[in-house]
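Report on the structure given below.
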Amino acid sequence: MSHQMNRRRFTSLAAAAALSVALPTSLAGPALAGPEFPSPEGRTSTASLMTYDSMIAELARLERTSRYGLDVFTLAEAGTAHSTSEQGRDLYVATIGSGPENVWLQGRIHGNEPYGGESLMALLKELSSNGSATYRTLREKYTFHVIPMYNPDGSELNIRHTVLQDGSEERIDLNRDWMDGKFVAAESEAFYEYWTRVDPAFGIDIHHQGLKREHGTDDAVTLSLGISLAPGGPTLPTLADGAYDVLTRQMQVHVYDELSRYGYVNIDRYQVSGSYEIDIHGGVTSAMMLGLNHNGLNPEGHSNPMVFFETSGNSSDGSLGQKARGRSIQQNVRALEALLTGMATGAVQQEDPERWEEIPHAPTTAYLTDSGIVPKP
């Protein structure tokens, strides 16, 4: 699919670029871990976080100054049947690259998890201006579809959810809304339709989690690597003749190896309740791997592998740690660079998927599914 869409230009927003937040340089040298990365002391200034308006202004600035054809548009301009958030905010996408394979990158599906969006904005800056061989290869290999703020309403309210505007004021977790019988929120309908148009080759979702300690060492975890359908679990080995069960593990093994050399990053595997692996079909990344056909929009059953990153701390419980902001964003940018470059060069596909077990984690005792806890055989 061509990413060039009929859209209005953003020149009227150029003057608003002063609202944009400062983004860390992804190429800076490694820093030492500090006591406030992440912070258990409940100190987080939300004034420093990217807002909906500052995101729009920064996207406009990046598009205006891009050397390599960054294209910014709303889903209304793309012509999806649903195109705004529950509260009526435009939903933004940025595309860049001329490659034959589409890549889906999304952040801030939960409004109190801000650094996914800020990490993707930092990556967009590099993709739109960096002339290095690495970034040239990425632009030639792929066309990137970047969603910095999937949930603008929750972001403005500093809450995890979106809030339905049907009079119920019900809070909806957008990351549990891609499933038969759901699609309650407007954002879910809008981005699902756009996904069916893109048919990505693979994708990455960036989240936050609570403060966490590494199993066996009790060291603070700064980044967890996740796969929403558990490798070797009830579902993933049955998809694509087992290809996703292999590739998603290779993707995260590659990220683990590349980031482990940075002293300020401490990585483990994403688990819940101490020792459970998630196998949730209603998650957006899971629905993509399952090839969900909602409202007949995906009759060919397109599916694609997806992984996610989880930065420790969130903005609503004050656990981000003000001094940790740059490093929290930087670890995501480095993870994105490592995974995208590894996929483009074929290095990821050469990884041993069995080394997924080497990434620190508690011994798995059960799977958390949509219908409850399933003990591991």
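FYI, nothing fancy with the structure tokens labels: chains A, B, ... in order, residues from 1 per chain, ligands from 1 as they appear.
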
Name the residues of segment 94-184 of chain A that come out as alpha helix (DSSP H) in a backbone DSSP run; write them as a PDB file with C-alpha atoms, in the first residue's frame.
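Result file follows (selection38.pdb):
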```
ATOM      1  CA  TYR A 115       7.750   7.132  26.871  1.00  0.00           C
ATOM      2  CA  GLY A 116       6.551   4.904  24.034  1.00  0.00           C
ATOM      3  CA  GLY A 117       5.345   7.993  22.245  1.00  0.00           C
ATOM      4  CA  GLU A 118       8.438  10.018  23.058  1.00  0.00           C
ATOM      5  CA  SER A 119      10.701   7.159  21.952  1.00  0.00           C
ATOM      6  CA  LEU A 120       8.917   6.921  18.627  1.00  0.00           C
ATOM      7  CA  MET A 121       9.220  10.672  18.117  1.00  0.00           C
ATOM      8  CA  ALA A 122      12.965  10.377  18.719  1.00  0.00           C
ATOM      9  CA  LEU A 123      13.135   7.531  16.192  1.00  0.00           C
ATOM     10  CA  LEU A 124      11.151   9.585  13.656  1.00  0.00           C
ATOM     11  CA  LYS A 125      13.681  12.374  14.027  1.00  0.00           C
ATOM     12  CA  GLU A 126      16.473   9.955  13.070  1.00  0.00           C
ATOM     13  CA  LEU A 127      14.534   8.348  10.237  1.00  0.00           C
ATOM     14  CA  SER A 128      13.671  11.734   8.761  1.00  0.00           C
ATOM     15  CA  SER A 129      17.118  13.343   9.056  1.00  0.00           C
ATOM     16  CA  ALA A 133      24.199   3.906   6.092  1.00  0.00           C
ATOM     17  CA  THR A 134      22.143   2.258   8.836  1.00  0.00           C
ATOM     18  CA  TYR A 135      19.194   4.616   8.493  1.00  0.00           C
ATOM     19  CA  ARG A 136      19.451   4.616   4.709  1.00  0.00           C
ATOM     20  CA  THR A 137      19.129   0.825   4.776  1.00  0.00           C
ATOM     21  CA  LEU A 138      16.068   1.063   7.011  1.00  0.00           C
ATOM     22  CA  ARG A 139      14.352   3.573   4.723  1.00  0.00           C
ATOM     23  CA  GLU A 140      15.146   1.484   1.630  1.00  0.00           C
ATOM     24  CA  LYS A 141      14.043  -1.802   3.179  1.00  0.00           C
ATOM     25  CA  PRO A 152      -4.765  10.719  23.081  1.00  0.00           C
ATOM     26  CA  ASP A 153      -7.720  10.979  25.481  1.00  0.00           C
ATOM     27  CA  GLY A 154      -6.094   8.823  28.142  1.00  0.00           C
ATOM     28  CA  SER A 155      -2.818  10.668  27.592  1.00  0.00           C
ATOM     29  CA  GLU A 156      -4.437  14.017  28.307  1.00  0.00           C
ATOM     30  CA  LEU A 157      -6.205  12.591  31.384  1.00  0.00           C
TER      31      LEU A 157
END
```

### Task
Enumerate the residues of segment 64-216 of chain A with a DSSP assignment of strand (DSSP E), computed from the backbone, and present them as a PyMOL selection string.
chain A and resi 71-74+92-96+101-107+142-147+162-163+171-172+202-209

### Task
Using only C-alpha atoms, determine which residues lie at most 12 Å from Thr196 of chain A, disregarding the query and same-chain residues fewer than 5 positions distant; provide the list as a list in words.
Met1, Thr80, Asn102, Trp104, Glu189, Ala190, Phe191, Ala201, Ala287, Met288, Gly291, Leu292, Asn293, His294, Asn295, Gly296, Leu297, Asn298, Pro299, Glu300, Gly301, His302, Ser303 and Asn304 of chain A

Could those selected residues go to a file with C-alpha atoms, as a PDB file, in the first residue's frame?
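Saved result, selection35.pdb, follows:
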```
ATOM      1  CA  MET A   1       0.000   0.000   0.000  1.00  0.00           C
ATOM      2  CA  THR A  80     -11.075   5.370   7.735  1.00  0.00           C
ATOM      3  CA  ASN A 102       5.496  -2.142   5.921  1.00  0.00           C
ATOM      4  CA  TRP A 104       3.957  -0.987  12.350  1.00  0.00           C
ATOM      5  CA  GLU A 189     -12.140   0.573  15.134  1.00  0.00           C
ATOM      6  CA  ALA A 190     -10.025   3.307  13.574  1.00  0.00           C
ATOM      7  CA  PHE A 191      -6.592   1.775  14.057  1.00  0.00           C
ATOM      8  CA  ALA A 201       5.404  -7.473   7.841  1.00  0.00           C
ATOM      9  CA  ALA A 287      -4.909  -9.948  17.359  1.00  0.00           C
ATOM     10  CA  MET A 288      -2.377  -9.001  14.688  1.00  0.00           C
ATOM     11  CA  GLY A 291      -5.017 -12.465  11.826  1.00  0.00           C
ATOM     12  CA  LEU A 292      -8.293 -11.223  13.299  1.00  0.00           C
ATOM     13  CA  ASN A 293     -11.015 -10.591  10.701  1.00  0.00           C
ATOM     14  CA  HIS A 294     -13.292  -7.970  12.255  1.00  0.00           C
ATOM     15  CA  ASN A 295     -16.285  -6.733  10.240  1.00  0.00           C
ATOM     16  CA  GLY A 296     -14.945  -8.494   7.155  1.00  0.00           C
ATOM     17  CA  LEU A 297     -12.027  -6.046   6.846  1.00  0.00           C
ATOM     18  CA  ASN A 298      -9.361  -8.767   6.838  1.00  0.00           C
ATOM     19  CA  PRO A 299     -10.865 -11.518   4.656  1.00  0.00           C
ATOM     20  CA  GLU A 300      -7.470 -12.706   3.478  1.00  0.00           C
ATOM     21  CA  GLY A 301      -6.481 -13.364   7.099  1.00  0.00           C
ATOM     22  CA  HIS A 302      -3.342 -11.222   7.060  1.00  0.00           C
ATOM     23  CA  SER A 303      -1.280 -11.659  10.214  1.00  0.00           C
ATOM     24  CA  ASN A 304       2.140 -10.501  11.348  1.00  0.00           C
TER      25      ASN A 304
END
```

### Message
For a test of reading the model, state the distance in Å between atom CA of Gly346 of chain A and atom CA of Ser132 of chain A, rounded to one decimal.
### Response
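Atom CA of Ser132 of chain A lies 18.6 Å from atom CA of Gly346 of chain A.
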
Within 12 Å of segment 179-184 of chain A: each segment 63-172 of chain A residue with its shortest pair, only C-alpha atoms, as JSON lines:
```
{"residue": "A:His82", "atom": "CA", "partner": "A:Phe183", "partner_atom": "CA", "distance": 11.5}
{"residue": "A:Ser85", "atom": "CA", "partner": "A:Val184", "partner_atom": "CA", "distance": 11.8}
{"residue": "A:Glu86", "atom": "CA", "partner": "A:Val184", "partner_atom": "CA", "distance": 10.1}
{"residue": "A:Thr162", "atom": "CA", "partner": "A:Val184", "partner_atom": "CA", "distance": 10.5}
{"residue": "A:Val163", "atom": "CA", "partner": "A:Val184", "partner_atom": "CA", "distance": 10.5}
{"residue": "A:Leu164", "atom": "CA", "partner": "A:Val184", "partner_atom": "CA", "distance": 8.3}
{"residue": "A:Gln165", "atom": "CA", "partner": "A:Val184", "partner_atom": "CA", "distance": 10.9}
{"residue": "A:Asp166", "atom": "CA", "partner": "A:Val184", "partner_atom": "CA", "distance": 10.5}
{"residue": "A:Glu170", "atom": "CA", "partner": "A:Val184", "partner_atom": "CA", "distance": 10.2}
{"residue": "A:Arg171", "atom": "CA", "partner": "A:Val184", "partner_atom": "CA", "distance": 10.3}
{"residue": "A:Ile172", "atom": "CA", "partner": "A:Val184", "partner_atom": "CA", "distance": 7.7}
```

So that I have them on file, write out the residues from the current selection with C-alpha atoms, as a PDB file, in the first residue's frame.
```pdb
ATOM      1  CA  HIS A  82     -13.839   5.820  12.374  1.00  0.00           C
ATOM      2  CA  SER A  85     -10.796   9.311  19.574  1.00  0.00           C
ATOM      3  CA  GLU A  86     -13.804   8.927  21.855  1.00  0.00           C
ATOM      4  CA  THR A 162      -9.969   5.818  27.140  1.00  0.00           C
ATOM      5  CA  VAL A 163     -13.407   6.940  28.360  1.00  0.00           C
ATOM      6  CA  LEU A 164     -16.522   6.121  26.343  1.00  0.00           C
ATOM      7  CA  GLN A 165     -18.636   9.101  25.322  1.00  0.00           C
ATOM      8  CA  ASP A 166     -21.943   7.199  25.092  1.00  0.00           C
ATOM      9  CA  GLU A 170     -16.987   3.559  31.026  1.00  0.00           C
ATOM     10  CA  ARG A 171     -13.220   3.234  30.946  1.00  0.00           C
ATOM     11  CA  ILE A 172     -11.935   0.946  28.191  1.00  0.00           C
TER      12      ILE A 172
END
```
